[in-house]
$ cat protein.cif   # mmCIF, C-alpha atoms
data_data
loop_
_atom_site.label_atom_id
_atom_site.label_comp_id
_atom_site.auth_asym_id
_atom_site.auth_seq_id
_atom_site.Cartn_x
_atom_site.Cartn_y
_atom_site.Cartn_z
CA MET W 6 -0.49 34.07 -3.02
CA THR W 7 1.64 31.01 -3.14
CA GLU W 8 -1.00 29.08 -5.04
CA ILE W 9 -1.17 31.73 -7.75
CA SER W 10 2.57 32.09 -8.16
CA ARG W 11 3.06 28.37 -8.03
CA ARG W 12 3.28 26.76 -11.43
CA PRO W 13 1.33 23.63 -12.22
CA HIS W 14 3.60 20.65 -11.87
CA SER W 15 4.03 19.09 -15.28
CA GLU W 16 1.41 20.10 -17.80
CA LYS W 17 3.12 21.72 -20.74
CA PRO W 18 1.67 23.02 -24.01
CA ASP W 19 3.67 20.54 -26.10
CA PRO W 20 4.38 17.40 -24.11
CA HIS W 21 7.19 15.01 -24.87
CA TRP W 22 6.27 12.08 -27.14
CA VAL W 23 7.11 9.66 -24.33
CA GLU W 24 4.12 11.01 -22.43
CA TRP W 25 1.81 10.27 -25.32
CA ALA W 26 3.33 6.83 -25.83
CA THR W 27 2.78 6.01 -22.15
CA GLY W 28 -0.74 7.34 -22.40
CA ILE W 29 -1.57 5.20 -25.41
CA VAL W 30 -0.07 2.03 -23.88
CA SER W 31 -2.03 2.71 -20.68
CA ALA W 32 -5.23 3.29 -22.63
CA VAL W 33 -4.73 -0.02 -24.44
CA LEU W 34 -4.18 -1.83 -21.14
CA VAL W 35 -7.23 -0.27 -19.50
CA VAL W 36 -9.44 -0.97 -22.52
CA ALA W 37 -8.17 -4.57 -22.65
CA MET W 38 -9.01 -4.99 -18.98
CA LEU W 39 -12.45 -3.48 -19.47
CA GLY W 40 -12.94 -5.82 -22.40
CA TRP W 41 -11.97 -8.88 -20.39
CA VAL W 42 -14.17 -8.00 -17.44
CA GLY W 43 -16.98 -7.03 -19.81
CA TYR W 44 -16.69 -10.38 -21.60
CA GLU W 45 -16.83 -12.17 -18.25
CA ALA W 46 -19.84 -10.09 -17.27
CA LEU W 47 -21.71 -10.99 -20.43
CA THR W 48 -20.85 -14.69 -20.46
CA ASP W 49 -21.12 -15.17 -16.70
CA LYS W 50 -23.16 -18.32 -16.07
CA ASP W 51 -23.19 -17.66 -12.35
CA GLY W 52 -23.58 -21.30 -11.36
CA PRO W 53 -23.22 -22.43 -7.75
CA PRO W 54 -19.77 -23.50 -6.48
CA GLU W 55 -18.60 -26.90 -7.72
CA PHE W 56 -15.86 -28.62 -5.78
CA ARG W 57 -13.28 -31.15 -6.83
CA ILE W 58 -11.15 -32.60 -4.05
CA ALA W 59 -7.91 -34.46 -4.57
CA ILE W 60 -5.80 -36.10 -1.87
CA THR W 61 -2.23 -34.94 -2.30
CA GLY W 62 -0.45 -36.79 0.45
CA ILE W 63 -0.75 -39.05 3.45
CA GLY W 64 1.86 -38.98 6.16
CA PRO W 65 2.46 -39.20 9.88
CA ALA W 66 1.54 -36.24 12.08
CA SER W 67 1.82 -35.66 15.79
CA GLY W 68 -1.11 -37.52 17.34
CA GLY W 69 -2.12 -39.38 14.21
CA HIS W 70 -1.98 -39.48 10.44
CA ARG W 71 -2.24 -36.47 8.21
CA VAL W 72 -4.25 -36.55 4.98
CA GLN W 73 -3.54 -33.48 2.84
CA PHE W 74 -5.91 -32.42 0.12
CA ASP W 75 -6.49 -29.76 -2.52
CA ILE W 76 -9.96 -28.41 -3.07
CA ILE W 77 -10.71 -26.75 -6.41
CA ASN W 78 -13.75 -24.60 -7.09
CA LEU W 79 -14.70 -24.98 -10.75
CA ALA W 80 -17.54 -22.45 -10.74
CA THR W 81 -17.40 -18.68 -11.20
CA ARG W 82 -18.77 -18.07 -7.71
CA THR W 83 -16.70 -18.12 -4.55
CA ALA W 84 -17.63 -20.33 -1.60
CA ALA W 85 -16.95 -19.34 2.01
CA THR W 86 -16.67 -21.50 5.18
CA VAL W 87 -16.45 -24.70 3.18
CA ASN W 88 -16.91 -27.74 5.43
CA VAL W 89 -14.75 -30.64 4.33
CA ARG W 90 -15.31 -34.03 5.93
CA GLY W 91 -13.04 -37.02 5.61
CA GLU W 92 -13.89 -40.62 6.45
CA ILE W 93 -11.79 -43.74 6.70
CA LEU W 94 -13.89 -46.59 5.30
CA ASP W 95 -13.48 -50.21 6.20
CA GLY W 96 -15.21 -53.16 4.62
CA ASN W 97 -18.12 -52.72 6.98
CA GLY W 98 -18.53 -48.97 7.21
CA SER W 99 -16.89 -45.83 8.59
CA VAL W 100 -14.00 -46.31 11.01
CA GLU W 101 -13.27 -42.68 11.82
CA ASP W 102 -14.18 -39.25 10.52
CA ALA W 103 -12.58 -35.80 10.75
CA GLU W 104 -13.72 -32.36 9.66
CA VAL W 105 -12.12 -29.08 8.72
CA VAL W 106 -13.53 -25.68 7.70
CA ILE W 107 -11.84 -23.75 4.90
CA ASP W 108 -12.42 -19.98 5.00
CA TYR W 109 -12.59 -19.37 1.26
CA VAL W 110 -12.40 -21.36 -1.94
CA PRO W 111 -12.35 -18.56 -4.54
CA ALA W 112 -13.98 -18.99 -7.93
CA GLN W 113 -11.90 -21.07 -10.36
CA SER W 114 -9.17 -21.33 -7.74
CA LYS W 115 -7.56 -23.80 -5.42
CA SER W 116 -7.27 -24.00 -1.64
CA SER W 117 -5.61 -26.69 0.40
CA GLY W 118 -5.84 -28.18 3.86
CA ALA W 119 -5.32 -31.33 5.86
CA LEU W 120 -7.30 -33.73 8.05
CA ILE W 121 -5.75 -35.58 10.95
CA PHE W 122 -6.93 -39.11 11.82
CA ARG W 123 -5.95 -41.30 14.73
CA GLU W 124 -6.40 -44.49 12.71
CA ASP W 125 -3.86 -45.28 10.03
CA PRO W 126 -5.59 -44.81 6.66
CA LYS W 127 -3.06 -47.08 4.97
CA GLY W 128 -4.70 -49.97 3.17
CA ARG W 129 -8.15 -48.52 3.68
CA GLU W 130 -10.28 -46.23 1.59
CA VAL W 131 -10.25 -42.52 2.48
CA LEU W 132 -13.22 -40.45 1.35
CA VAL W 133 -12.89 -36.66 1.47
CA ARG W 134 -15.77 -34.49 0.37
CA ALA W 135 -17.26 -31.05 0.88
CA VAL W 136 -20.44 -31.20 2.95
CA GLY W 137 -21.47 -27.55 2.88
CA TYR W 138 -20.52 -23.93 2.30
CA SER W 139 -21.90 -20.42 2.68
CA ASP W 140 -22.04 -17.56 0.20
CA PRO W 141 -19.47 -14.87 1.02
CA MET R 12 3.50 41.18 29.18
CA LYS R 13 5.86 40.08 31.91
CA PRO R 14 6.86 43.51 33.37
CA ASN R 15 3.17 44.25 34.15
CA HIS R 16 2.83 41.08 36.13
CA PRO R 17 1.27 41.98 39.51
CA PHE R 18 3.29 39.47 41.55
CA SER R 19 6.78 40.84 41.03
CA GLY R 20 8.49 37.93 42.72
CA GLN R 21 6.91 35.38 40.44
CA GLY R 22 7.27 37.70 37.47
CA LYS R 23 11.02 37.61 37.81
CA LYS R 24 10.97 33.88 37.93
CA VAL R 25 8.93 33.67 34.75
CA GLU R 26 11.13 36.23 33.06
CA SER R 27 14.28 34.30 33.75
CA HIS R 28 12.61 31.20 32.41
CA VAL R 29 11.57 32.99 29.25
CA SER R 30 15.03 34.35 28.66
CA THR R 31 16.56 30.89 28.85
CA SER R 32 14.07 29.53 26.40
CA LEU R 33 14.78 32.44 24.07
CA GLN R 34 18.43 31.61 24.20
CA MET R 35 17.52 28.07 23.35
CA ASN R 36 15.55 29.34 20.37
CA ASP R 37 18.56 31.33 19.24
CA GLY R 38 20.60 28.20 19.58
CA ASN R 39 18.03 26.52 17.39
CA HIS R 40 18.93 28.73 14.46
CA VAL R 41 22.65 28.67 14.97
CA SER R 42 23.44 25.13 16.01
CA ASP R 43 22.60 22.36 13.59
CA PRO R 44 21.99 19.53 16.11
CA ARG R 45 18.82 21.03 17.57
CA ALA R 46 17.22 21.56 14.18
CA PHE R 47 18.22 18.04 13.31
CA VAL R 48 16.61 16.70 16.47
CA THR R 49 13.43 18.62 15.59
CA GLY R 50 13.55 16.94 12.19
CA LEU R 51 13.87 13.54 13.84
CA GLY R 52 10.90 14.37 16.07
CA ARG R 53 8.80 15.28 13.05
CA GLY R 54 9.89 12.10 11.35
CA ALA R 55 8.87 10.06 14.39
CA ALA R 56 5.52 11.89 14.52
CA GLY R 57 5.00 11.16 10.82
CA ALA R 58 5.88 7.50 11.30
CA LEU R 59 3.26 7.33 14.06
CA LEU R 60 0.60 9.25 12.18
CA PHE R 61 0.93 7.23 8.98
CA GLY R 62 1.94 3.97 10.61
CA VAL R 63 -0.66 3.53 13.35
CA PRO R 64 -3.46 2.14 11.13
CA MET R 65 -1.11 -0.65 10.07
CA LEU R 66 0.42 -1.16 13.50
CA MET R 67 -3.10 -1.86 14.74
CA THR R 68 -4.03 -4.31 11.98
CA MET R 69 -4.13 -7.92 13.09
CA GLU R 70 -3.55 -9.37 9.62
CA LEU R 71 -0.29 -7.45 9.29
CA TRP R 72 1.04 -8.93 12.58
CA GLU R 73 0.19 -12.38 11.27
CA LEU R 74 1.83 -11.63 7.92
CA GLY R 75 4.96 -10.81 9.91
CA PHE R 76 5.50 -14.48 10.63
CA TYR R 77 3.91 -16.27 7.72
CA ILE R 78 4.93 -14.06 4.79
CA GLU R 79 7.44 -15.85 2.60
CA ARG R 80 10.86 -14.46 3.42
CA TYR R 81 11.92 -13.76 -0.15
CA ARG R 82 8.81 -11.66 -0.74
CA LEU R 83 9.50 -9.73 2.45
CA LEU R 84 13.10 -9.22 1.30
CA ILE R 85 11.92 -7.84 -2.06
CA LEU R 86 9.54 -5.43 -0.30
CA LEU R 87 12.24 -4.25 2.11
CA THR R 88 14.73 -3.78 -0.74
CA ALA R 89 12.25 -2.00 -3.00
CA ASN R 90 11.58 0.41 -0.16
CA ILE R 91 15.15 1.76 -0.30
CA PRO R 92 15.09 3.50 -3.73
CA LEU R 93 11.56 4.61 -2.97
CA LEU R 94 12.70 6.34 0.24
CA ILE R 95 15.66 7.93 -1.55
CA PHE R 96 13.32 9.32 -4.20
CA LEU R 97 10.95 10.63 -1.54
CA ALA R 98 13.83 12.10 0.48
CA ASP R 99 15.01 13.88 -2.63
CA ARG R 100 11.52 15.16 -3.35
CA VAL R 101 10.14 16.05 0.11
CA GLY R 102 12.86 15.03 2.56
CA PHE R 103 13.80 16.07 6.09
CA GLU R 104 15.42 19.13 4.61
CA ARG R 105 16.28 20.38 1.15
CA THR R 106 18.66 17.79 -0.11
CA GLY R 107 21.16 19.05 -2.65
CA THR R 108 23.01 15.87 -3.40
CA LEU R 109 22.15 12.23 -3.81
CA ALA R 110 24.32 11.42 -0.80
CA GLU R 111 22.18 13.66 1.39
CA ALA R 112 19.01 12.03 0.05
CA CYS R 113 20.50 8.61 0.85
CA ARG R 114 21.36 9.75 4.37
CA ASP R 115 17.83 11.05 4.97
CA ALA R 116 16.32 7.87 3.54
CA THR R 117 18.47 5.79 5.90
CA ILE R 118 17.42 7.89 8.87
CA ALA R 119 13.75 7.56 7.85
CA TYR R 120 14.09 3.78 7.60
CA ALA R 121 15.71 3.71 11.04
CA ILE R 122 12.92 5.85 12.50
CA GLY R 123 10.41 3.47 10.94
CA ILE R 124 12.10 0.46 12.52
CA VAL R 125 12.45 2.08 15.94
CA MET R 126 8.88 3.39 16.04
CA SER R 127 7.41 0.08 14.83
CA THR R 128 9.35 -1.85 17.44
CA ALA R 129 8.35 0.56 20.19
CA ILE R 130 4.64 0.48 19.33
CA LEU R 131 4.52 -3.29 18.83
CA VAL R 132 6.20 -3.76 22.24
CA LEU R 133 3.73 -1.29 23.74
CA PHE R 134 0.79 -3.28 22.36
CA GLY R 135 2.21 -6.53 23.72
CA ASP R 136 2.52 -7.87 20.19
CA ILE R 137 6.22 -8.46 20.70
CA LYS R 138 7.14 -10.33 23.86
CA PRO R 139 10.47 -11.63 25.14
CA GLY R 140 9.69 -15.33 24.65
CA MET R 141 8.96 -15.03 20.92
CA PRO R 142 11.21 -16.55 18.26
CA ILE R 143 13.55 -13.97 16.78
CA SER R 144 12.32 -14.55 13.20
CA GLU R 145 8.77 -13.68 14.25
CA ILE R 146 9.88 -10.45 15.95
CA VAL R 147 12.06 -9.44 13.00
CA GLY R 148 9.29 -10.25 10.51
CA LYS R 149 6.71 -8.21 12.39
CA VAL R 150 8.96 -5.20 12.75
CA ALA R 151 10.27 -5.38 9.17
CA ILE R 152 6.86 -5.40 7.53
CA GLN R 153 5.69 -2.45 9.65
CA ALA R 154 8.89 -0.50 9.05
CA VAL R 155 8.04 0.00 5.36
CA PRO R 156 4.89 2.15 5.79
CA ALA R 157 6.33 3.75 8.94
CA SER R 158 9.46 4.86 7.12
CA ILE R 159 7.40 6.37 4.28
CA GLY R 160 5.36 8.09 7.00
CA ALA R 161 8.54 9.43 8.58
CA LEU R 162 9.49 11.17 5.35
CA LEU R 163 5.98 12.43 4.64
CA GLY R 164 5.66 13.61 8.23
CA ARG R 165 8.64 15.84 7.76
CA SER R 166 7.11 17.50 4.72
CA GLN R 167 3.54 17.70 5.99
CA LEU R 168 4.16 18.61 9.64
CA GLY R 169 6.97 21.04 8.87
CA GLU R 170 6.63 24.78 9.29
CA SER R 171 5.12 26.77 6.45
CA ASN R 172 8.42 28.64 6.05
CA ASP R 173 10.07 25.40 5.10
CA SER R 174 7.61 24.62 2.37
CA GLN R 175 7.93 28.09 0.90
CA ASP R 176 11.65 27.71 0.89
CA ARG R 177 11.17 24.49 -0.92
CA ASP R 178 8.87 25.94 -3.53
CA GLU R 179 11.07 28.75 -4.72
CA PRO R 180 13.92 26.71 -6.16
CA ASP R 181 11.36 24.45 -7.78
CA GLU R 182 9.86 27.40 -9.61
CA ASP R 183 13.29 28.50 -10.72
CA LYS R 184 13.88 25.05 -12.12
CA GLU R 185 10.61 25.08 -14.01
CA GLY R 186 11.20 28.59 -15.25
CA ASN R 187 14.49 27.46 -16.73
CA SER R 188 12.96 24.44 -18.34
CA ASN R 189 10.25 26.55 -19.91
CA GLU R 190 12.71 29.01 -21.39
CA GLU R 191 15.09 26.44 -22.74
CA ALA R 192 12.33 23.98 -23.62
CA VAL R 193 14.51 21.05 -22.62
CA THR R 194 12.40 18.08 -23.60
CA ASP R 195 14.61 15.52 -21.85
CA HIS R 196 14.22 17.34 -18.59
CA LEU R 197 10.48 17.34 -19.17
CA SER R 198 10.29 13.60 -19.57
CA THR R 199 12.23 13.03 -16.35
CA ARG R 200 9.70 15.22 -14.57
CA TYR R 201 7.01 13.04 -16.13
CA SER R 202 8.55 9.82 -14.89
CA GLN R 203 8.95 11.39 -11.45
CA GLU R 204 5.28 12.22 -11.52
CA LEU R 205 4.39 8.61 -12.31
CA PHE R 206 6.77 7.38 -9.61
CA LEU R 207 5.12 9.72 -7.13
CA MET R 208 1.72 8.28 -8.04
CA GLY R 209 3.16 4.83 -7.44
CA VAL R 210 4.31 5.83 -3.96
CA GLY R 211 0.86 7.20 -3.12
CA ALA R 212 -0.81 4.05 -4.40
CA LEU R 213 1.63 1.82 -2.52
CA PHE R 214 1.05 3.68 0.72
CA LEU R 215 -2.73 3.37 0.65
CA ASN R 216 -2.47 -0.20 -0.63
CA LEU R 217 -0.27 -1.23 2.29
CA ASN R 218 -2.97 0.20 4.56
CA VAL R 219 -5.80 -1.92 3.23
CA ALA R 220 -4.28 -4.86 1.33
CA PRO R 221 -3.52 -7.06 4.37
CA THR R 222 -7.13 -7.06 5.53
CA GLU R 223 -9.48 -9.86 4.57
CA GLU R 224 -12.02 -7.31 3.38
CA ILE R 225 -10.20 -6.78 0.08
CA ILE R 226 -10.64 -10.38 -1.06
CA LEU R 227 -14.06 -10.59 0.54
CA ILE R 228 -15.23 -7.57 -1.49
CA SER R 229 -13.83 -9.12 -4.66
CA PHE R 230 -15.76 -12.34 -3.88
CA LYS R 231 -18.98 -10.43 -3.36
CA MET R 232 -18.65 -8.47 -6.60
CA THR R 233 -19.97 -9.58 -9.95
CA PRO R 234 -18.04 -8.62 -13.12
CA TRP R 235 -20.55 -5.78 -13.57
CA HIS R 236 -19.54 -4.34 -10.20
CA ALA R 237 -15.90 -4.66 -11.26
CA LEU R 238 -16.56 -2.74 -14.49
CA ALA R 239 -18.21 0.04 -12.53
CA THR R 240 -15.33 0.09 -10.01
CA ILE R 241 -12.75 0.55 -12.78
CA LEU R 242 -14.67 3.45 -14.28
CA VAL R 243 -15.35 5.07 -10.92
CA SER R 244 -11.68 4.74 -9.88
CA ILE R 245 -10.50 6.44 -13.07
CA ALA R 246 -13.15 9.16 -12.76
CA ILE R 247 -12.24 9.85 -9.13
CA MET R 248 -8.58 9.99 -10.03
CA HIS R 249 -9.17 12.52 -12.79
CA ALA R 250 -11.61 14.60 -10.77
CA PHE R 251 -9.37 14.62 -7.72
CA VAL R 252 -6.55 16.31 -9.53
CA TYR R 253 -8.14 18.43 -12.25
CA ALA R 254 -11.66 19.34 -11.31
CA VAL R 255 -11.32 19.94 -7.60
CA ALA R 256 -9.27 23.04 -7.02
CA PHE R 257 -7.30 21.93 -4.00
CA GLN R 258 -4.05 23.58 -3.13
CA GLY R 259 -1.39 22.20 -5.41
CA SER R 260 -4.00 21.30 -7.99
CA HIS R 261 -2.69 20.92 -11.48
CA GLU R 262 -4.01 23.51 -13.85
CA VAL R 263 -4.26 22.56 -17.45
CA PRO R 264 -3.03 25.31 -19.78
CA GLU R 265 -5.71 27.27 -21.61
CA GLY R 266 -7.05 25.69 -24.77
CA THR R 267 -5.93 22.16 -23.95
CA PRO R 268 -8.69 19.60 -24.40
CA TRP R 269 -9.54 17.70 -21.20
CA TRP R 270 -8.52 14.38 -22.71
CA HIS R 271 -4.88 15.48 -23.06
CA ALA R 272 -4.31 15.28 -19.33
CA PHE R 273 -6.60 12.28 -19.11
CA PHE R 274 -4.42 10.27 -21.50
CA ARG R 275 -1.06 11.52 -20.28
CA PHE R 276 -1.65 11.37 -16.52
CA THR R 277 -4.88 9.76 -15.37
CA LEU R 278 -4.74 6.56 -17.43
CA PRO R 279 -1.01 5.90 -16.84
CA GLY R 280 -1.66 6.70 -13.17
CA TYR R 281 -4.39 4.08 -13.04
CA VAL R 282 -2.16 1.51 -14.71
CA VAL R 283 0.56 2.30 -12.15
CA ALA R 284 -1.97 1.88 -9.32
CA MET R 285 -3.07 -1.42 -10.84
CA ALA R 286 0.51 -2.69 -11.08
CA ILE R 287 1.24 -1.67 -7.49
CA SER R 288 -1.97 -3.41 -6.38
CA LEU R 289 -0.91 -6.64 -8.07
CA TYR R 290 2.54 -6.39 -6.52
CA VAL R 291 1.18 -5.79 -3.00
CA LEU R 292 -1.37 -8.63 -3.34
CA TRP R 293 1.40 -10.95 -4.50
CA THR R 294 3.65 -9.86 -1.62
CA PHE R 295 0.94 -10.68 0.90
CA GLY R 296 0.28 -14.05 -0.75
CA ARG R 297 -3.25 -13.19 -1.83
CA LEU R 298 -2.73 -14.40 -5.41
CA ASP R 299 -1.39 -17.88 -4.68
CA ASP R 300 -3.40 -20.61 -6.45
CA VAL R 301 -6.07 -18.07 -7.40
CA GLY R 302 -7.67 -18.09 -10.85
CA PRO R 303 -6.83 -15.24 -13.27
CA MET R 304 -10.30 -13.69 -13.08
CA GLN R 305 -10.15 -13.58 -9.28
CA VAL R 306 -6.64 -12.08 -9.44
CA LEU R 307 -7.99 -9.33 -11.66
CA MET R 308 -11.03 -8.78 -9.43
CA SER R 309 -9.01 -8.33 -6.25
CA ALA R 310 -6.56 -6.05 -8.08
CA ILE R 311 -9.50 -3.93 -9.27
CA VAL R 312 -10.79 -3.69 -5.70
CA LEU R 313 -7.37 -2.73 -4.35
CA SER R 314 -6.81 -0.23 -7.17
CA PHE R 315 -9.74 1.79 -5.90
CA PRO R 316 -7.88 3.01 -2.77
CA GLY R 317 -4.68 2.88 -4.86
CA ALA R 318 -6.09 5.35 -7.37
CA ILE R 319 -7.13 7.70 -4.58
CA GLY R 320 -3.66 7.42 -3.06
CA ALA R 321 -1.99 8.09 -6.39
CA ALA R 322 -4.13 11.16 -7.06
CA ALA R 323 -3.61 12.45 -3.51
CA ALA R 324 0.15 12.03 -3.83
CA ARG R 325 0.16 14.37 -6.83
CA LEU R 326 -1.79 16.94 -4.84
CA ILE R 327 0.10 16.77 -1.58
CA LEU R 328 3.72 16.17 -2.51
#

$ encode --input "protein.cif" --output "structure tokens"
Amino acid sequence: MTEISRRPHSEKPDPHWVEWATGIVSAVLVVAMLGWVGYEALTDKDGPPEFRIAITGIGPASGGHRVQFDIINLATRTAATVNVRGEILDGNGSVEDAEVVIDYVPAQSKSSGALIFREDPKGREVLVRAVGYSDP
Amino acid sequence: MKPNHPFSGQGKKVESHVSTSLQMNDGNHVSDPRAFVTGLGRGAAGALLFGVPMLMTMELWELGFYIERYRLLILLTANIPLLIFLADRVGFERTGTLAEACRDATIAYAIGIVMSTAILVLFGDIKPGMPISEIVGKVAIQAVPASIGALLGRSQLGESNDSQDRDEPDEDKEGNSNEEAVTDHLSTRYSQELFLMGVGALFLNLNVAPTEEIILISFKMTPWHALATILVSIAIMHAFVYAVAFQGSHEVPEGTPWWHAFFRFTLPGYVVAMAISLYVLWTFGRLDDVGPMQVLMSAIVLSFPGAIGAAAARLIL
């Protein structure tokens, strides 16, 4: 009974022009999005994750010295559980190493983290690199 | 029933009990406070019903202390006009004036805060030794969905009499608008409809956006999957409202091509769901330092539940 007597909410025989304008703008947006994703789909090279790591800061931390870094994934595929290892190198080899696992480095995106060493990296070479990852 | 009771002694006892409760029922109709308390109870039940999935989500507890405070502030502030709109539309009771809608919205927010605090304390997620900013953050972020739930609970758990009462004036309004063909009035109804879709999308988004699964799904998808997800979301949205004849379903007038409603409601609705998805992802810090394609992918994933929420809001509210 109620359903029959109840009028439909807003559909009218001749809608206001604003409704059409909104509809057209929305259609343009949706088509543009489909176009972008479609373009990505067609040109997708689907290469494996490529990392670039940059040290952004070295400073004191409780219990040692903190080395902060950014890790950028240049590829169009996301990497999960990325293992990042850092080493402090002396003239005659590795003095100390530290490791951290980063949950995700999304495709063409940046994540950041930090390693904590006991030795002071000042005046020595610090090498930070990704040693492995898994596919999400 | 009672006079035929074989044990007369007990029968009397029951009778006296019944008569007192009847008096209480009479009081219910006459005195405002009792009806108001019932309304509060329904609000609390709604806050629980709609809030529990989020109250039991680990990521949302964590967000409570690491979410950037200005983003939390924006979310909490944006919730206020949203609640006022909902209070005006579904409310604890028929609200005639804006002031009444504001009052109901405030009460709903308070119910949301109280229920969230109570449940988080119950789960041992809030403990005395915690820093105050962590407690406030946890409660605040949960209060948003819980307060929406409090308002929805009132409309969905209310008696059927209430909803019929609500419908009649609505029909009168529409009848008037049809006769006078007031186009301005029509466009406000249209914007309300879009706003309502936004609320539905926001509600379902808040449910799922904090979880890691959303970004994980977007990482697993290829652009082809994303294309299919967009099309499926739009199709579901359209089908939900127009093809499936649920109660409250929107009938298209005779002779109107299907694409009229598709352009005027479904596509704008999807764009609204998409915008809400982006906003929620940004609020939860899921877009920080993420490439544009990944931003789009996770928004597409989140728009899938968002589209369902938006379509459902049009059906239910």

$ resolve_selection --input "protein.cif" --expression "the PyMOL selection byres ((chain R) within 6 of (chain W))" --output "PDB file with C-alpha atoms, in the frame of the given file"
ATOM      1  CA  PHE R 230     -15.760 -12.340  -3.880  1.00  0.00           C
ATOM      2  CA  PRO R 234     -18.040  -8.620 -13.120  1.00  0.00           C
ATOM      3  CA  TRP R 235     -20.550  -5.780 -13.570  1.00  0.00           C
ATOM      4  CA  HIS R 261      -2.690  20.920 -11.480  1.00  0.00           C
ATOM      5  CA  GLU R 262      -4.010  23.510 -13.850  1.00  0.00           C
ATOM      6  CA  PHE R 274      -4.420  10.270 -21.500  1.00  0.00           C
ATOM      7  CA  ARG R 275      -1.060  11.520 -20.280  1.00  0.00           C
ATOM      8  CA  LEU R 278      -4.740   6.560 -17.430  1.00  0.00           C
ATOM      9  CA  PRO R 279      -1.010   5.900 -16.840  1.00  0.00           C
ATOM     10  CA  ASP R 300      -3.400 -20.610  -6.450  1.00  0.00           C
ATOM     11  CA  VAL R 301      -6.070 -18.070  -7.400  1.00  0.00           C
ATOM     12  CA  GLY R 302      -7.670 -18.090 -10.850  1.00  0.00           C
TER      13      GLY R 302
END

$ atom_distance --input "protein.cif" --atom1 "atom CA of R:Leu131" --atom2 "atom CA of R:Ala58"
13.2 Å

$ resolve_selection --input "protein.cif" --expression "the PyMOL selection byres ((chain W and resi 119) around 9)" --output "number ranges by chain"
W: 71-75, 105, 117-118, 120-121

$ resolve_selection --input "protein.cif" --expression "the PyMOL selection byres ((chain W and resi 138) around 8)" --output "PDB file with C-alpha atoms, in the coordinates of the input"
ATOM      1  CA  ALA W  84     -17.630 -20.330  -1.600  1.00  0.00           C
ATOM      2  CA  ALA W  85     -16.950 -19.340   2.010  1.00  0.00           C
ATOM      3  CA  THR W  86     -16.670 -21.500   5.180  1.00  0.00           C
ATOM      4  CA  VAL W  87     -16.450 -24.700   3.180  1.00  0.00           C
ATOM      5  CA  ASN W  88     -16.910 -27.740   5.430  1.00  0.00           C
ATOM      6  CA  ALA W 135     -17.260 -31.050   0.880  1.00  0.00           C
ATOM      7  CA  VAL W 136     -20.440 -31.200   2.950  1.00  0.00           C
ATOM      8  CA  GLY W 137     -21.470 -27.550   2.880  1.00  0.00           C
ATOM      9  CA  SER W 139     -21.900 -20.420   2.680  1.00  0.00           C
ATOM     10  CA  ASP W 140     -22.040 -17.560   0.200  1.00  0.00           C
TER      11      ASP W 140
END

$ atom_distance --input "protein.cif" --atom1 "atom CA of R:Ala154" --atom2 "atom CA of R:Arg325"
23.4 Å

$ atom_distance --input "protein.cif" --atom1 "atom CA of R:Ala116" --atom2 "atom CA of R:Leu97"
7.9 Å

$ residues_near_point --input "protein.cif" --point "(-20.2, -26.7, -8.0)" --cutoff "9 Å" --atoms "all atoms listed in the file" --output "list in words"
Gly52, Pro53, Pro54, Glu55, Phe56, Arg57, Asn78, Leu79, Ala80 and Arg82 of chain W

$ closest_residue --input "protein.cif" --among "R:Leu292, R:Val282, R:Leu60, R:Met308" --to "R:Ala239" --atoms "all atoms listed in the file"
R:Met308

$ closest_residue --input "protein.cif" --among "R:Ala286, R:Leu66, R:Met304, R:Ala119" --to "R:Gly164" --atoms "only C-alpha atoms"
R:Ala119

$ residues_around --input "protein.cif" --residues "R:Gly160" --least-positions-apart "3" --cutoff "7 Å" --atoms "all atoms listed in the file" --output "PyMOL selection string"
chain R and resi 57-58+61-62+156-157+163-164

$ write_last_selection --input "protein.cif" --atoms "C-alpha atoms" --output "short mmCIF file (atom, residue, chain, number, x, y, z; two decimals), in the frame of the given file"
data_model
loop_
_atom_site.label_atom_id
_atom_site.label_comp_id
_atom_site.auth_asym_id
_atom_site.auth_seq_id
_atom_site.Cartn_x
_atom_site.Cartn_y
_atom_site.Cartn_z
CA GLY R 57 5.00 11.16 10.82
CA ALA R 58 5.88 7.50 11.30
CA PHE R 61 0.93 7.23 8.98
CA GLY R 62 1.94 3.97 10.61
CA PRO R 156 4.89 2.15 5.79
CA ALA R 157 6.33 3.75 8.94
CA LEU R 163 5.98 12.43 4.64
CA GLY R 164 5.66 13.61 8.23
#

$ residues_around --input "protein.cif" --residues "R:Ile152" --least-positions-apart "3" --cutoff "12 Å" --atoms "only C-alpha atoms" --output "ChimeraX atom specification"
/R:62,65-66,68,70-80,82-88,90,120,123-124,127-128,131,145-149,155-158,217-218,221,291,294-295

$ closest_residue --input "protein.cif" --among "R:Val306, R:Leu162, R:Ile247, R:Leu133" --to "R:Ser229" --atoms "only C-alpha atoms"
R:Val306

$ closest_residue --input "protein.cif" --among "W:Asp102, W:Ile93, W:Ile107, W:Glu124" --to "W:Ala66" --atoms "only C-alpha atoms"
W:Glu124

$ axis_aligned_box --input "protein.cif" --around "stretch 38-44 of chain W" --padding-each-side "4 Å" --output "JSON"
{"center_x": -13.0, "center_y": -6.9, "center_z": -19.9, "size_x": 16.0, "size_y": 14.9, "size_z": 13.0}
